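S.K.: This is the structure I have questions about; it appears just below.
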Amino acid sequence: MSEIRLHIADDDLPQHAETREARHELLASFLAAYADGELPPETQSQLDSHLAGCARCRRELNVHRTLRDRLEREPVPAAIAALRERIAIGIRSIPAPVFPPKETASPVPKRTPSRWLVAAAIAFFVAVPLVGSRTWQRFHQASSAISVAPHSVQLFDTVFADYRRVSGGDLPGRARDLAAVRAAVPFAVTPLSNPDVRLIAAWTTTLSGTATAVLAYRWNERVVLQYLIPEELLFQSSSVRTLLTQTKAVAAAEGTQNLLLWANPESGSVLVGDVSARALTEMHASIGGR
Amino acid sequence: MAKSRSTDPSPAPDPAAAAAVEARFNALVLPHLDRMLGFATRRTESTGDAEDAVQEACIRAWKAFADLRDENTARAWLYRILRSVLADAHEKNTRRQALVSITRIDDAHEELMTRDDDGVFSDVVARIDGEQLRSAFALIPKEFAVAVELHDIDGFKYHEVADIVGVPLGTVMSRISRGRRLLAATIHSNRKAWALGAPPSLRVSKGRSS
């Protein structure tokens, strides 16, 4: 698990210059949210510690606060009476909307409190061991996927292990290798189509003795891998077969890493990354939940 | 063939019920008109265009009022509609100033961060006026400007900004962080042109420019 923990704050780890710089950059990216009180307490405390020893971050925090305080004071123009009158006339010229009868059971899901959403967004690179915590449970409640323990499905263990192996070094392929990857597997390899997601690498690997295509995407400055596995491997596990009859997607977590599995027409997809379960669900939803 | 009541698309209006709906709508919408106008003003060429956008947003909101499921989210819902109106009618026609190269802004940010004098930037920001702020916002990419404005000027929380803009929360965090950096660097690099003060040595030698 050292590959993961190098990305997070852990004072027990050797603090190489590159690691310290990476940690500094990550924490610096939270300074705006820190200034705005939008971070969960654990992360807020981490920033407190970092700020005590980092003059540059203190200066940048000061810039965030200075600007925000100035913008908060920006005067609000008053809507003149004539505009209000025009609006009143406008809506009176249109019949009042008809509200449907109220349903007995509220279909509106409760909004997840913002702090938990923020925690979900940053969970992967701050040293907050979330597994088992209430926060973690909230993520999974918010997700439409069924969450299972990673060790309950051998495929998940295998994917997590390969992901850790790959993410610990340089990515094994390049985006322009996609044609070769397509030629190497007996099913369609179609990269995720989303304007916020960019394919940066593609290669093949072997999972449980089966050829598998792997696509790496850059998404919100993070790298997420998609393992495209043949359907015989997807449906090999009785747990997976059962789960896929109940839900379109299955989620699992190991430490700060999350994965999301779903079935394609002739293969299976497993998205995995050091990102929150919610982020993966959003990524899956953004391509139509296919 | 007679229509059943349940499928009648235009039930007979009940004046009392309609008045109650209008009163509820007004109570939810009117308190936000000023801020909506401010948001629209920053994204249009003239006050008239901004007022038209706000009026159109209110009309669309009225037509869609039955779709508002949670009145606690009315303000974010209104901004979503307003952004849609602006995108349809105004933002495409608004002449944004040519964006400054991000690399140049990053260089300015680096210079700002490595200065020894923290007070200079505070001093500059204290002098900036609304028009200059608007110019600064126009020089940074729109998605960053919108996120910063919605949070810092209009007072939305991060999750509300995510809701309005339609992006994940992590993206909002990133856009606000990056947006403020870009804005700070833009202000810093234009401080002399906008007569916002400069380091003391420069102020003494050059004075205020007009």
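Residue numbering restarts at 1 for every chain of the structure tokens, chains are lettered A, B, ... in their displayed order, and ligands are numbered from 1 as they appear.
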When the cut-off is 8 Å and we count only C-alpha atoms, which residues of chain B are near chain A, given as number ranges by chain?

M.R.: B: 13, 18, 21-22, 33-35, 37-38, 51, 55, 58-59, 62-66, 69, 113-114, 118, 121-122, 125-126, 130, 149, 152-155, 157-159, 168-171, 173-174, 176-177, 180-181, 184

S.K.: Could you give me, as a PyMOL selection string, each residue of region 9-132 of chain B that DSSP assigns to alpha helix (DSSP H) when run on this structure's backbone?

M.R.: chain B and resi 15-29+33-41+47-63+74-89+102-114+118-127+130-132

S.K.: Could you write out the selected residues, including C-alpha atoms, as a tab-separated table (two decimals), in the first residue's frame?

M.R.:
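Wrote again.tsv, looks like this:
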chain	number	residue	atom	x	y	z
B	15	PRO	CA	-58.36	32.88	-8.93
B	16	ALA	CA	-57.73	32.41	-5.24
B	17	ALA	CA	-55.38	29.50	-5.81
B	18	ALA	CA	-53.58	31.39	-8.59
B	19	ALA	CA	-53.11	34.40	-6.32
B	20	ALA	CA	-51.69	32.16	-3.61
B	21	VAL	CA	-49.24	30.61	-6.07
B	22	GLU	CA	-48.17	34.05	-7.27
B	23	ALA	CA	-47.66	35.25	-3.70
B	24	ARG	CA	-45.53	32.19	-2.95
B	25	PHE	CA	-43.51	32.73	-6.11
B	26	ASN	CA	-42.95	36.39	-5.28
B	27	ALA	CA	-41.85	35.53	-1.76
B	28	LEU	CA	-39.27	33.09	-3.10
B	29	VAL	CA	-38.01	35.07	-6.07
B	33	LEU	CA	-33.69	40.05	-7.82
B	34	ASP	CA	-30.93	42.45	-6.86
B	35	ARG	CA	-28.21	39.80	-6.74
B	36	MET	CA	-29.50	38.20	-9.93
B	37	LEU	CA	-29.28	41.59	-11.57
B	38	GLY	CA	-25.72	41.98	-10.32
B	39	PHE	CA	-24.76	38.58	-11.73
B	40	ALA	CA	-26.42	39.38	-15.06
B	41	THR	CA	-24.82	42.83	-15.19
B	47	THR	CA	-27.87	47.35	-17.63
B	48	GLY	CA	-30.75	47.04	-20.06
B	49	ASP	CA	-29.51	43.65	-21.28
B	50	ALA	CA	-29.04	42.52	-17.68
B	51	GLU	CA	-32.57	43.59	-16.74
B	52	ASP	CA	-33.98	41.79	-19.77
B	53	ALA	CA	-32.14	38.63	-18.75
B	54	VAL	CA	-33.44	38.81	-15.19
B	55	GLN	CA	-36.97	39.43	-16.41
B	56	GLU	CA	-36.77	36.48	-18.80
B	57	ALA	CA	-35.34	34.29	-16.04
B	58	CYS	CA	-38.26	35.20	-13.78
B	59	ILE	CA	-40.77	34.40	-16.51
B	60	ARG	CA	-39.12	31.04	-17.15
B	61	ALA	CA	-39.02	30.38	-13.42
B	62	TRP	CA	-42.74	31.17	-13.18
B	63	LYS	CA	-43.55	28.76	-15.99
B	74	ALA	CA	-34.98	28.31	-4.86
B	75	ARG	CA	-32.04	30.69	-5.11
B	76	ALA	CA	-29.73	28.16	-6.77
B	77	TRP	CA	-32.62	27.12	-9.03
B	78	LEU	CA	-33.11	30.75	-10.09
B	79	TYR	CA	-29.43	31.15	-10.88
B	80	ARG	CA	-29.48	27.99	-12.96
B	81	ILE	CA	-32.33	29.46	-14.99
B	82	LEU	CA	-30.59	32.82	-15.22
B	83	ARG	CA	-27.40	31.19	-16.48
B	84	SER	CA	-29.44	29.40	-19.10
B	85	VAL	CA	-31.06	32.68	-20.20
B	86	LEU	CA	-27.69	34.39	-20.35
B	87	ALA	CA	-26.20	31.56	-22.34
B	88	ASP	CA	-29.08	31.68	-24.80
B	89	ALA	CA	-29.38	35.39	-25.28
B	102	ILE	CA	-2.62	31.52	-18.75
B	103	THR	CA	1.15	31.20	-18.79
B	104	ARG	CA	1.52	34.92	-18.39
B	105	ILE	CA	-0.98	34.90	-15.55
B	106	ASP	CA	0.89	32.03	-13.89
B	107	ASP	CA	4.10	34.02	-14.16
B	108	ALA	CA	2.40	36.98	-12.51
B	109	HIS	CA	1.07	34.71	-9.78
B	110	GLU	CA	4.54	33.34	-9.17
B	111	GLU	CA	5.88	36.88	-8.88
B	112	LEU	CA	3.09	37.73	-6.46
B	113	MET	CA	3.84	34.67	-4.33
B	114	THR	CA	7.55	35.28	-4.14
B	118	ASP	CA	2.40	40.82	1.81
B	119	GLY	CA	0.91	44.24	2.33
B	120	VAL	CA	1.25	45.37	-1.28
B	121	PHE	CA	-1.40	43.05	-2.65
B	122	SER	CA	-3.83	43.93	0.15
B	123	ASP	CA	-3.18	47.56	-0.62
B	124	VAL	CA	-3.85	47.02	-4.32
B	125	VAL	CA	-7.08	45.10	-3.68
B	126	ALA	CA	-8.26	47.75	-1.26
B	127	ARG	CA	-8.03	50.32	-4.08
B	130	GLY	CA	-16.07	47.59	-9.33
B	131	GLU	CA	-15.31	48.39	-12.94
B	132	GLN	CA	-11.71	47.23	-12.59

S.K.: Find the residues around region 165-172 of chain A up to 8 Å (only C-alpha atoms counted), leave out those fewer than 4 positions away in its own chain, and share them as an MDAnalysis selection string.

M.R.: chainID A and resid 3 161 201:203

S.K.: Generate the output file for the selected residues, N, CA and C atoms, as a JSON list (two decimals), in the first residue's frame.

M.R.:
[["chain", "number", "residue", "atom", "x", "y", "z"],
["A", 3, "GLU", "N", 2.33, 2.71, -2.28],
["A", 3, "GLU", "CA", 2.08, 3.58, -3.42],
["A", 3, "GLU", "C", 1.00, 4.61, -3.10],
["A", 161, "ALA", "N", -4.89, -4.81, -7.11],
["A", 161, "ALA", "CA", -3.46, -5.14, -7.09],
["A", 161, "ALA", "C", -2.78, -4.63, -8.35],
["A", 201, "ALA", "N", -3.58, 7.17, -22.03],
["A", 201, "ALA", "CA", -2.75, 5.99, -22.26],
["A", 201, "ALA", "C", -3.64, 4.76, -22.44],
["A", 202, "ALA", "N", -3.09, 3.78, -23.14],
["A", 202, "ALA", "CA", -3.81, 2.51, -23.34],
["A", 202, "ALA", "C", -2.79, 1.39, -23.42],
["A", 203, "TRP", "N", -3.11, 0.25, -22.85],
["A", 203, "TRP", "CA", -2.22, -0.91, -22.93],
["A", 203, "TRP", "C", -3.03, -2.16, -22.62]]

S.K.: To one decimal in Å, tell me the separation between CA of Val189 (chain A) and CA of Ser239 (chain A).

M.R.: 24.9 Å

S.K.: In Å, with one decimal, what is the gap from CA of Leu244 (chain A) to CA of Ala211 (chain A)?

M.R.: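 Atom-to-atom, CA of Leu244 (chain A) to CA of Ala211 (chain A), that is 22.0 Å.
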
S.K.: Find the residue from A:Ser49, A:Thr158, A:Gln226, A:Ser147 that sits nearest to Gly209 (chain A); use only C-alpha atoms when measuring.

M.R.: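 Closest residue, counting only C-alpha atoms: A:Thr158.
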
S.K.: For a test of reading the model, state the distance in Å between CA of Leu178 (chain A) and CA of Leu215 (chain A), rounded to one decimal.

M.R.: 8.4 Å
